[in-house]
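This is final_34.cif (mmCIF, C-alpha atoms and all ligand atoms).
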data_input
loop_
_atom_site.label_atom_id
_atom_site.label_comp_id
_atom_site.auth_asym_id
_atom_site.auth_seq_id
_atom_site.Cartn_x
_atom_site.Cartn_y
_atom_site.Cartn_z
CA MET A 1 -16.98 -53.46 0.42
CA ALA A 2 -17.30 -50.33 -1.71
CA ILE A 3 -15.47 -47.72 0.40
CA GLU A 4 -11.73 -47.41 -0.25
CA VAL A 5 -9.33 -44.97 1.36
CA VAL A 6 -7.02 -43.24 -1.11
CA SER A 7 -4.41 -40.61 -0.47
CA VAL A 8 -4.31 -38.60 -3.71
CA ASP A 9 -5.17 -35.21 -5.13
CA ILE A 10 -8.89 -35.57 -5.87
CA THR A 11 -8.55 -33.55 -9.10
CA THR A 12 -6.62 -36.44 -10.71
CA LEU A 13 -9.41 -39.00 -10.38
CA ALA A 14 -11.34 -40.21 -13.44
CA VAL A 15 -14.60 -41.09 -11.70
CA ASP A 16 -18.24 -40.31 -12.40
CA ALA A 17 -18.15 -37.52 -9.82
CA ILE A 18 -15.82 -35.88 -7.36
CA VAL A 19 -17.14 -33.93 -4.39
CA ASN A 20 -15.97 -30.39 -3.74
CA ALA A 21 -15.77 -28.93 -0.21
CA ALA A 22 -17.17 -25.57 -1.30
CA ASN A 23 -18.45 -22.46 0.45
CA ASP A 24 -21.94 -21.01 0.12
CA SER A 25 -20.94 -18.58 -2.65
CA LEU A 26 -19.78 -21.50 -4.86
CA LEU A 27 -17.28 -19.05 -6.31
CA GLY A 28 -14.14 -20.93 -5.34
CA GLY A 29 -11.62 -20.54 -2.54
CA GLY A 30 -8.59 -22.35 -1.16
CA GLY A 31 -7.99 -26.01 -0.29
CA VAL A 32 -9.69 -28.65 -2.37
CA ASP A 33 -12.08 -26.04 -3.82
CA GLY A 34 -9.20 -24.02 -5.24
CA ALA A 35 -7.56 -27.14 -6.68
CA ILE A 36 -10.80 -28.24 -8.36
CA HIS A 37 -11.45 -24.82 -9.93
CA ARG A 38 -7.86 -24.57 -11.18
CA ARG A 39 -8.00 -27.93 -12.91
CA ALA A 40 -11.60 -27.65 -14.19
CA GLY A 41 -10.98 -24.25 -15.76
CA PRO A 42 -13.04 -21.05 -16.01
CA GLU A 43 -16.15 -22.79 -17.32
CA LEU A 44 -16.66 -24.28 -13.86
CA LEU A 45 -16.68 -20.84 -12.26
CA ALA A 46 -19.16 -19.63 -14.88
CA ALA A 47 -21.45 -22.61 -14.19
CA CYS A 48 -21.24 -21.99 -10.43
CA ARG A 49 -22.00 -18.32 -10.94
CA ARG A 50 -25.17 -19.24 -12.85
CA ILE A 51 -26.28 -21.46 -9.95
CA GLY A 52 -25.99 -18.47 -7.64
CA GLY A 53 -24.77 -20.00 -4.39
CA CYS A 54 -25.77 -22.92 -2.17
CA PRO A 55 -26.92 -22.89 1.47
CA THR A 56 -24.81 -24.64 4.09
CA GLY A 57 -25.83 -28.29 4.36
CA GLU A 58 -26.82 -28.59 0.71
CA VAL A 59 -25.17 -29.62 -2.57
CA ARG A 60 -25.24 -28.54 -6.22
CA LEU A 61 -24.17 -30.46 -9.33
CA THR A 62 -22.06 -29.21 -12.26
CA PRO A 63 -20.14 -30.86 -15.08
CA GLY A 64 -16.43 -31.49 -14.48
CA PHE A 65 -15.30 -29.50 -17.54
CA ASN A 66 -11.51 -30.03 -17.85
CA LEU A 67 -11.35 -32.43 -14.90
CA PRO A 68 -10.99 -36.14 -15.56
CA ALA A 69 -14.17 -36.57 -13.47
CA ARG A 70 -17.46 -36.21 -15.39
CA PHE A 71 -19.26 -34.24 -12.68
CA VAL A 72 -18.61 -32.23 -9.53
CA ILE A 73 -20.97 -32.36 -6.56
CA HIS A 74 -20.36 -29.08 -4.70
CA ALA A 75 -21.06 -29.64 -1.01
CA VAL A 76 -21.18 -26.84 1.54
CA GLY A 77 -20.18 -28.19 4.93
CA PRO A 78 -20.55 -26.39 8.25
CA ILE A 79 -17.92 -24.13 9.81
CA TRP A 80 -16.99 -25.60 13.20
CA GLN A 81 -18.07 -23.18 15.93
CA GLY A 82 -17.48 -25.29 19.04
CA GLY A 83 -19.98 -28.07 18.44
CA ALA A 84 -23.13 -26.69 20.09
CA ARG A 85 -24.67 -25.34 16.90
CA GLY A 86 -25.67 -28.60 15.28
CA GLU A 87 -22.48 -28.83 13.23
CA ASP A 88 -22.54 -32.63 13.49
CA ILE A 89 -26.10 -32.86 12.17
CA CYS A 90 -25.24 -30.45 9.39
CA LEU A 91 -22.14 -32.39 8.30
CA ALA A 92 -24.08 -35.68 8.29
CA GLN A 93 -26.77 -33.95 6.22
CA VAL A 94 -24.19 -32.80 3.68
CA TYR A 95 -22.90 -36.35 3.25
CA GLU A 96 -26.52 -37.57 2.92
CA GLN A 97 -27.13 -35.03 0.16
CA VAL A 98 -23.91 -36.05 -1.60
CA MET A 99 -24.84 -39.73 -1.55
CA ARG A 100 -28.46 -39.16 -2.58
CA THR A 101 -27.32 -37.05 -5.51
CA ALA A 102 -24.85 -39.71 -6.60
CA VAL A 103 -27.49 -42.45 -6.43
CA SER A 104 -30.19 -40.41 -8.14
CA GLN A 105 -27.80 -39.53 -10.98
CA GLY A 106 -26.84 -43.18 -11.40
CA PHE A 107 -23.16 -42.55 -10.60
CA GLN A 108 -21.19 -45.73 -9.98
CA THR A 109 -17.85 -44.22 -8.93
CA LEU A 110 -17.56 -41.34 -6.52
CA ALA A 111 -14.61 -39.62 -4.80
CA VAL A 112 -15.28 -37.71 -1.58
CA PRO A 113 -12.84 -35.47 0.36
CA CYS A 114 -12.94 -34.89 4.12
CA ILE A 115 -15.48 -32.06 4.02
CA SER A 116 -15.11 -29.26 6.61
CA THR A 117 -11.89 -30.67 8.11
CA GLY A 118 -9.58 -28.04 6.59
CA ALA A 119 -10.34 -24.32 6.63
CA TYR A 120 -13.71 -24.98 8.31
CA GLY A 121 -11.99 -26.53 11.36
CA PHE A 122 -14.29 -29.49 12.04
CA PRO A 123 -12.62 -32.01 14.40
CA LYS A 124 -11.29 -34.78 12.19
CA PRO A 125 -12.24 -37.79 14.37
CA LEU A 126 -15.90 -36.74 14.57
CA ALA A 127 -16.01 -35.81 10.87
CA CYS A 128 -14.54 -39.20 9.95
CA GLU A 129 -17.10 -41.05 12.07
CA LEU A 130 -20.02 -39.16 10.50
CA ALA A 131 -18.68 -39.44 6.94
CA LEU A 132 -18.10 -43.18 7.10
CA ARG A 133 -21.46 -43.81 8.78
CA VAL A 134 -23.40 -42.02 6.05
CA MET A 135 -21.29 -43.29 3.13
CA GLY A 136 -21.58 -46.80 4.57
CA ASP A 137 -25.38 -46.60 4.34
CA TYR A 138 -25.08 -46.13 0.58
CA GLU A 139 -22.14 -48.35 -0.32
CA ASP A 140 -24.30 -51.15 -1.74
CA ARG A 141 -25.73 -48.74 -4.30
CA LEU A 142 -22.44 -47.69 -5.92
CA SER A 143 -19.57 -49.77 -7.22
CA ARG A 144 -16.76 -47.65 -5.76
CA ILE A 145 -16.69 -44.90 -3.16
CA LEU A 146 -13.23 -43.39 -2.77
CA ALA A 147 -12.70 -41.66 0.57
CA VAL A 148 -9.94 -39.19 -0.36
CA VAL A 149 -7.63 -38.37 2.53
CA PHE A 150 -5.10 -35.62 1.94
CA ASP A 151 -3.40 -35.36 5.31
CA ARG A 152 -1.84 -37.87 7.68
CA GLU A 153 -4.41 -37.54 10.48
CA ASN A 154 -7.39 -38.16 8.20
CA GLU A 155 -5.61 -41.05 6.53
CA GLN A 156 -4.95 -42.75 9.87
CA LEU A 157 -8.48 -42.10 11.15
CA TYR A 158 -10.18 -43.44 8.02
CA ARG A 159 -7.96 -46.52 7.80
CA MET A 160 -8.42 -47.33 11.50
CA ARG A 161 -12.18 -46.92 11.42
CA LEU A 162 -12.63 -48.96 8.24
CA SER A 163 -10.44 -51.79 9.48
CA SER A 164 -12.24 -51.96 12.83
CA ARG A 165 -15.52 -52.03 10.93
CA ALA A 166 -14.22 -54.90 8.78
CA ARG A 167 -13.11 -56.81 11.92
CA GLY A 168 -16.54 -56.25 13.47
CA ARG A 169 -18.20 -57.67 10.36
CA SER A 170 -15.98 -60.73 10.16
CA ARG A 171 -16.94 -61.63 13.74
CA GLN A 172 -20.68 -61.51 12.92
N1 LIG B 1 -7.53 -33.33 -2.92
C1 LIG B 1 -8.14 -33.94 -1.88
N2 LIG B 1 -8.27 -33.40 -0.65
C2 LIG B 1 -7.76 -32.16 -0.48
C3 LIG B 1 -7.11 -31.44 -1.52
C4 LIG B 1 -7.00 -32.08 -2.78
N3 LIG B 1 -6.41 -31.49 -3.81
N4 LIG B 1 -6.72 -30.23 -1.01
C5 LIG B 1 -7.10 -30.20 0.28
N5 LIG B 1 -7.72 -31.36 0.61
P1 LIG B 1 -10.69 -27.58 2.79
P2 LIG B 1 -13.25 -27.17 4.20
C6 LIG B 1 -8.30 -31.77 1.90
O1 LIG B 1 -10.05 -26.51 3.55
O2 LIG B 1 -12.63 -27.43 5.50
C7 LIG B 1 -12.20 -23.41 0.85
O3 LIG B 1 -11.55 -22.17 0.77
C8 LIG B 1 -7.78 -31.11 3.15
O4 LIG B 1 -6.63 -31.77 3.60
O5 LIG B 1 -10.42 -27.71 1.33
O6 LIG B 1 -14.58 -27.81 3.88
C9 LIG B 1 -13.65 -23.32 0.38
O7 LIG B 1 -13.83 -22.35 -0.61
C10 LIG B 1 -8.94 -31.29 4.12
O8 LIG B 1 -8.85 -32.53 4.81
O9 LIG B 1 -12.33 -27.51 2.91
C11 LIG B 1 -14.38 -22.96 1.65
O10 LIG B 1 -14.37 -21.56 1.87
C12 LIG B 1 -10.16 -31.34 3.22
O11 LIG B 1 -9.68 -31.40 1.87
C13 LIG B 1 -13.60 -23.65 2.73
O12 LIG B 1 -12.27 -23.80 2.22
C14 LIG B 1 -11.08 -30.14 3.36
O13 LIG B 1 -10.32 -28.95 3.51
C15 LIG B 1 -14.14 -25.03 3.02
O14 LIG B 1 -13.43 -25.58 4.08
#
Go ahead and express the file in the form of structure tokens.
Amino acid sequence: MAIEVVSVDITTLAVDAIVNAANDSLLGGGGVDGAIHRRAGPELLAACRRIGGCPTGEVRLTPGFNLPARFVIHAVGPIWQGGARGEDICLAQVYEQVMRTAVSQGFQTLAVPCISTGAYGFPKPLACELALRVMGDYEDRLSRILAVVFDRENEQLYRMRLSSRARGRSRQ
């Protein structure tokens, strides 16, 4: 099984690509985005500026610059607005775009944070369900997918869901 849950700062991971939970300006911010820009250095901001933004639900690729990761997939998740505005479809679409980009670039190792579950306020249980469903569809095409959980609730949710999935498989 390719998906592993890890509780670490994503900026420390030497993988083919890490995913950034960015905003549509791509010009940095707080949370994981701030941490990635700090560690990658000013060249990342310059590269993002040249791209000129990214619509919600889409992704853009840059080098990792000073990060140990070779590339950064910048993913713009939805802001949670109560759930009636297609936020779930949008978040699933973002994960789809992340995984398609990783596969099309030939990445073998990928680290993915819990997109939209911080400043963007997406309910963590629903986000976890969507993230693992989409990443699970692609796990045979990469050697390692690291689901990076940075808070206790996400860690528990991801571990519970992956272990119940493993139990379900062993019964088949
Ligand atoms: N490594 C891994 N995960 C982290 C790290 C880290 N260093 N730091 C935080 N997280 P957020 P969003 C987790 O707010 O909700 C930014 O300002 C955190 O615990 O980073 O998509 C952007 O510029 C949470 O589970 O991203 C946007 O404006 C998860 O990363 C906006 O926030 C996502 O939290 C995007 O909001």
Contact check, chain A to ligand LIG 1 (chain B), at most 7 Å, counting only C-alpha atoms and all ligand atoms, closest pairs as a Markdown table:
| residue | atom | partner | partner_atom | distance |
| --- | --- | --- | --- | --- |
| A:Val8 | CA | B:LIG1 | N1 | 6.2 |
| A:Asp9 | CA | B:LIG1 | N1 | 3.7 |
| A:Ile10 | CA | B:LIG1 | N1 | 3.9 |
| A:Thr11 | CA | B:LIG1 | N3 | 6.1 |
| A:Ala21 | CA | B:LIG1 | O6 | 4.4 |
| A:Ala22 | CA | B:LIG1 | C9 | 4.5 |
| A:Asn23 | CA | B:LIG1 | C11 | 4.3 |
| A:Gly28 | CA | B:LIG1 | O7 | 4.9 |
| A:Gly29 | CA | B:LIG1 | O7 | 3.4 |
| A:Gly30 | CA | B:LIG1 | O3 | 3.5 |
| A:Gly31 | CA | B:LIG1 | O5 | 3.4 |
| A:Val32 | CA | B:LIG1 | N4 | 3.6 |
| A:Asp33 | CA | B:LIG1 | O7 | 5.2 |
| A:Gly34 | CA | B:LIG1 | O3 | 6.7 |
| A:Ala35 | CA | B:LIG1 | N3 | 5.3 |
| A:Gly77 | CA | B:LIG1 | O6 | 5.7 |
| A:Pro113 | CA | B:LIG1 | N2 | 5.1 |
| A:Cys114 | CA | B:LIG1 | C12 | 4.6 |
| A:Ile115 | CA | B:LIG1 | O6 | 4.3 |
| A:Ser116 | CA | B:LIG1 | O6 | 3.1 |
| A:Thr117 | CA | B:LIG1 | O2 | 4.2 |
| A:Gly118 | CA | B:LIG1 | O13 | 3.3 |
| A:Ala119 | CA | B:LIG1 | O1 | 3.8 |
| A:Tyr120 | CA | B:LIG1 | O2 | 3.9 |
| A:Gly121 | CA | B:LIG1 | O2 | 6.0 |
| A:Val148 | CA | B:LIG1 | C1 | 5.8 |
| A:Val149 | CA | B:LIG1 | N2 | 5.9 |
| A:Phe150 | CA | B:LIG1 | O4 | 4.5 |
| A:Asp151 | CA | B:LIG1 | O4 | 5.1 |
| A:Asn154 | CA | B:LIG1 | O8 | 6.7 |
### Task
Would you mind telling me which residue in A:Cys48, A:Leu132, A:Leu146, A:Ala2 lies nearest to A:Asp24 when using all atoms listed in the file?
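Going through A:Cys48, A:Leu132, A:Leu146, A:Ala2 one by one, the smallest distance to A:Asp24 is for A:Cys48.
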### Gap from atom CA of A:Gly136 to atom CA of A:Gly168 - Å, one decimal
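Result for atom CA of A:Gly136 versus atom CA of A:Gly168: 13.9 Å, one decimal.
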### Message
Taking all atoms listed in the file into account, name the residue in A:Ala131, A:Gly106, A:Ala84, A:Ser25 that is nearest to A:Ser143.
### Response
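Among A:Ala131, A:Gly106, A:Ala84, A:Ser25, it is A:Gly106 that comes nearest to A:Ser143.
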### Query
Any idea what the distance is between atom CA of A:Ala17 and atom CA of A:Ala92?
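Computed distance, atom CA of A:Ala17 to atom CA of A:Ala92, equals 19.1 Å.
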### Message
So the first atom is atom CA of A:Met160 and the second is atom CA of A:Met135; what is the distance between them in Å, to one decimal place?
### Response
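Computing it gives 15.9 Å between the two atoms.
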### Of the listed residues A:Leu142, A:Arg159, A:Thr56, A:Gln97, that which approaches A:Glu129 most closely, counting all atoms listed in the file
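Closest residue, counting all atoms listed in the file: A:Arg159.
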What are the centre and edge lengths in Å, to one decimal, of the axis-aligned box around all listed atoms of stretch 29-33 of chain A with 5 Å added on each side, as JSON?
{"center_x": -10.0, "center_y": -24.6, "center_z": -2.1, "size_x": 14.1, "size_y": 18.1, "size_z": 13.5}
#### Entry: Residue nearest A:Glu58 - candidates A:Tyr95, A:Tyr138, A:Trp80, A:Phe71, atoms counted: all atoms listed in the file
A:Tyr95
### Task
Identify which of the residues A:Glu153, A:Glu96, A:Glu87, A:Asp16 lies closest to A:Leu67, counting only C-alpha atoms when measuring atom-to-atom distances.
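The answer is A:Asp16, which sits nearest to A:Leu67.
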### Query
Taking all atoms listed in the file into account, which of A:Ala75, A:Thr12, A:Tyr158, A:Gly52 comes nearest A:Leu27?
A:Gly52
### Task
Name the residues within 7 Å of (-18.0, -32.8, -2.7), counting only C-alpha atoms in the file's coordinates, and put them as a list in words.
Ile18, Val19, Asn20, Ala21, Val72, Ile73, His74, Ala75, Val98, Val112 and Pro113 of chain A
Can you tell me, as an mmCIF file with C-alpha atoms, in the frame of the given file, what residues are no more than 7 Å from A:Ala147 when counting all atoms listed in the file, ignoring any on the same chain fewer than 5 positions away?
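What follows is the written file around-v4.cif:
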data_model
loop_
_atom_site.group_PDB
_atom_site.id
_atom_site.type_symbol
_atom_site.label_atom_id
_atom_site.label_comp_id
_atom_site.auth_asym_id
_atom_site.auth_seq_id
_atom_site.Cartn_x
_atom_site.Cartn_y
_atom_site.Cartn_z
ATOM 1 C CA ILE A 3 -15.470 -47.720 0.400
ATOM 2 C CA GLU A 4 -11.730 -47.410 -0.250
ATOM 3 C CA VAL A 5 -9.330 -44.970 1.360
ATOM 4 C CA VAL A 6 -7.020 -43.240 -1.110
ATOM 5 C CA ALA A 111 -14.610 -39.620 -4.800
ATOM 6 C CA VAL A 112 -15.280 -37.710 -1.580
ATOM 7 C CA PRO A 113 -12.840 -35.470 0.360
#
Is it possible to add all heavy atoms to stretch 69-80 of chain A and hand it back as a PDB file, in the frame of the given file?
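New file out-v1.pdb:
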ATOM      1  N   ALA A  69     -12.856 -36.150 -13.980  1.00  0.00           N
ATOM      2  CA  ALA A  69     -14.170 -36.570 -13.470  1.00  0.00           C
ATOM      3  C   ALA A  69     -15.275 -35.959 -14.326  1.00  0.00           C
ATOM      4  O   ALA A  69     -15.160 -34.821 -14.780  1.00  0.00           O
ATOM      5  CB  ALA A  69     -14.328 -36.123 -12.017  1.00  0.00           C
ATOM      6  N   ARG A  70     -16.364 -36.709 -14.527  1.00  0.00           N
ATOM      7  CA  ARG A  70     -17.460 -36.210 -15.390  1.00  0.00           C
ATOM      8  C   ARG A  70     -18.243 -35.095 -14.711  1.00  0.00           C
ATOM      9  O   ARG A  70     -18.701 -34.166 -15.353  1.00  0.00           O
ATOM     10  CB  ARG A  70     -18.394 -37.364 -15.747  1.00  0.00           C
ATOM     11  CG  ARG A  70     -17.749 -38.363 -16.706  1.00  0.00           C
ATOM     12  CD  ARG A  70     -18.606 -39.627 -16.837  1.00  0.00           C
ATOM     13  NE  ARG A  70     -19.985 -39.308 -17.161  1.00  0.00           N
ATOM     14  CZ  ARG A  70     -21.043 -39.905 -16.597  1.00  0.00           C
ATOM     15  NH1 ARG A  70     -20.866 -40.852 -15.687  1.00  0.00           N
ATOM     16  NH2 ARG A  70     -22.269 -39.580 -16.954  1.00  0.00           N
ATOM     17  N   PHE A  71     -18.442 -35.223 -13.405  1.00  0.00           N
ATOM     18  CA  PHE A  71     -19.260 -34.240 -12.680  1.00  0.00           C
ATOM     19  C   PHE A  71     -18.581 -33.830 -11.379  1.00  0.00           C
ATOM     20  O   PHE A  71     -17.726 -34.545 -10.854  1.00  0.00           O
ATOM     21  CB  PHE A  71     -20.640 -34.842 -12.337  1.00  0.00           C
ATOM     22  CG  PHE A  71     -21.513 -35.030 -13.541  1.00  0.00           C
ATOM     23  CD1 PHE A  71     -21.518 -36.244 -14.225  1.00  0.00           C
ATOM     24  CD2 PHE A  71     -22.321 -34.002 -14.013  1.00  0.00           C
ATOM     25  CE1 PHE A  71     -22.305 -36.421 -15.362  1.00  0.00           C
ATOM     26  CE2 PHE A  71     -23.117 -34.168 -15.137  1.00  0.00           C
ATOM     27  CZ  PHE A  71     -23.108 -35.383 -15.813  1.00  0.00           C
ATOM     28  N   VAL A  72     -19.026 -32.668 -10.862  1.00  0.00           N
ATOM     29  CA  VAL A  72     -18.610 -32.230  -9.530  1.00  0.00           C
ATOM     30  C   VAL A  72     -19.869 -32.010  -8.695  1.00  0.00           C
ATOM     31  O   VAL A  72     -20.801 -31.315  -9.128  1.00  0.00           O
ATOM     32  CB  VAL A  72     -17.814 -30.907  -9.573  1.00  0.00           C
ATOM     33  CG1 VAL A  72     -17.413 -30.480  -8.159  1.00  0.00           C
ATOM     34  CG2 VAL A  72     -16.575 -31.038 -10.455  1.00  0.00           C
ATOM     35  N   ILE A  73     -19.899 -32.632  -7.525  1.00  0.00           N
ATOM     36  CA  ILE A  73     -20.970 -32.360  -6.560  1.00  0.00           C
ATOM     37  C   ILE A  73     -20.384 -31.353  -5.560  1.00  0.00           C
ATOM     38  O   ILE A  73     -19.475 -31.688  -4.795  1.00  0.00           O
ATOM     39  CB  ILE A  73     -21.426 -33.634  -5.829  1.00  0.00           C
ATOM     40  CG1 ILE A  73     -21.928 -34.689  -6.821  1.00  0.00           C
ATOM     41  CG2 ILE A  73     -22.514 -33.297  -4.800  1.00  0.00           C
ATOM     42  CD1 ILE A  73     -22.254 -36.046  -6.181  1.00  0.00           C
ATOM     43  N   HIS A  74     -20.859 -30.123  -5.601  1.00  0.00           N
ATOM     44  CA  HIS A  74     -20.360 -29.080  -4.700  1.00  0.00           C
ATOM     45  C   HIS A  74     -21.134 -29.177  -3.393  1.00  0.00           C
ATOM     46  O   HIS A  74     -22.366 -29.054  -3.388  1.00  0.00           O
ATOM     47  CB  HIS A  74     -20.553 -27.695  -5.330  1.00  0.00           C
ATOM     48  CG  HIS A  74     -19.883 -27.581  -6.669  1.00  0.00           C
ATOM     49  ND1 HIS A  74     -18.615 -27.068  -6.816  1.00  0.00           N
ATOM     50  CD2 HIS A  74     -20.291 -27.954  -7.902  1.00  0.00           C
ATOM     51  CE1 HIS A  74     -18.277 -27.126  -8.108  1.00  0.00           C
ATOM     52  NE2 HIS A  74     -19.278 -27.650  -8.782  1.00  0.00           N
ATOM     53  N   ALA A  75     -20.420 -29.405  -2.303  1.00  0.00           N
ATOM     54  CA  ALA A  75     -21.060 -29.640  -1.010  1.00  0.00           C
ATOM     55  C   ALA A  75     -20.595 -28.558  -0.043  1.00  0.00           C
ATOM     56  O   ALA A  75     -19.393 -28.329   0.104  1.00  0.00           O
ATOM     57  CB  ALA A  75     -20.642 -31.017  -0.488  1.00  0.00           C
ATOM     58  N   VAL A  76     -21.536 -27.895   0.594  1.00  0.00           N
ATOM     59  CA  VAL A  76     -21.180 -26.840   1.540  1.00  0.00           C
ATOM     60  C   VAL A  76     -21.327 -27.363   2.967  1.00  0.00           C
ATOM     61  O   VAL A  76     -22.433 -27.511   3.482  1.00  0.00           O
ATOM     62  CB  VAL A  76     -22.032 -25.569   1.334  1.00  0.00           C
ATOM     63  CG1 VAL A  76     -21.563 -24.462   2.275  1.00  0.00           C
ATOM     64  CG2 VAL A  76     -21.959 -25.110  -0.116  1.00  0.00           C
ATOM     65  N   GLY A  77     -20.186 -27.683   3.561  1.00  0.00           N
ATOM     66  CA  GLY A  77     -20.180 -28.190   4.930  1.00  0.00           C
ATOM     67  C   GLY A  77     -20.257 -27.050   5.929  1.00  0.00           C
ATOM     68  O   GLY A  77     -20.110 -25.876   5.578  1.00  0.00           O
ATOM     69  N   PRO A  78     -20.482 -27.404   7.205  1.00  0.00           N
ATOM     70  CA  PRO A  78     -20.550 -26.390   8.250  1.00  0.00           C
ATOM     71  C   PRO A  78     -19.170 -25.907   8.684  1.00  0.00           C
ATOM     72  O   PRO A  78     -18.198 -26.657   8.643  1.00  0.00           O
ATOM     73  CB  PRO A  78     -21.221 -27.138   9.404  1.00  0.00           C
ATOM     74  CG  PRO A  78     -20.776 -28.555   9.213  1.00  0.00           C
ATOM     75  CD  PRO A  78     -20.690 -28.764   7.725  1.00  0.00           C
ATOM     76  N   ILE A  79     -19.124 -24.649   9.132  1.00  0.00           N
ATOM     77  CA  ILE A  79     -17.920 -24.130   9.810  1.00  0.00           C
ATOM     78  C   ILE A  79     -18.032 -24.571  11.269  1.00  0.00           C
ATOM     79  O   ILE A  79     -19.092 -24.401  11.890  1.00  0.00           O
ATOM     80  CB  ILE A  79     -17.883 -22.587   9.729  1.00  0.00           C
ATOM     81  CG1 ILE A  79     -17.825 -22.141   8.264  1.00  0.00           C
ATOM     82  CG2 ILE A  79     -16.706 -22.025  10.523  1.00  0.00           C
ATOM     83  CD1 ILE A  79     -17.963 -20.629   8.060  1.00  0.00           C
ATOM     84  N   TRP A  80     -16.969 -25.156  11.801  1.00  0.00           N
ATOM     85  CA  TRP A  80     -16.990 -25.600  13.200  1.00  0.00           C
ATOM     86  C   TRP A  80     -16.991 -24.376  14.118  1.00  0.00           C
ATOM     87  O   TRP A  80     -16.155 -23.490  13.994  1.00  0.00           O
ATOM     88  CB  TRP A  80     -15.773 -26.469  13.502  1.00  0.00           C
ATOM     89  CG  TRP A  80     -15.751 -26.989  14.910  1.00  0.00           C
ATOM     90  CD1 TRP A  80     -14.990 -26.509  15.939  1.00  0.00           C
ATOM     91  CD2 TRP A  80     -16.522 -28.071  15.422  1.00  0.00           C
ATOM     92  NE1 TRP A  80     -15.243 -27.241  17.079  1.00  0.00           N
ATOM     93  CE2 TRP A  80     -16.179 -28.204  16.785  1.00  0.00           C
ATOM     94  CE3 TRP A  80     -17.471 -28.946  14.882  1.00  0.00           C
ATOM     95  CZ2 TRP A  80     -16.747 -29.186  17.612  1.00  0.00           C
ATOM     96  CZ3 TRP A  80     -18.030 -29.913  15.690  1.00  0.00           C
ATOM     97  CH2 TRP A  80     -17.670 -30.025  17.041  1.00  0.00           C
TER      98      TRP A  80
END
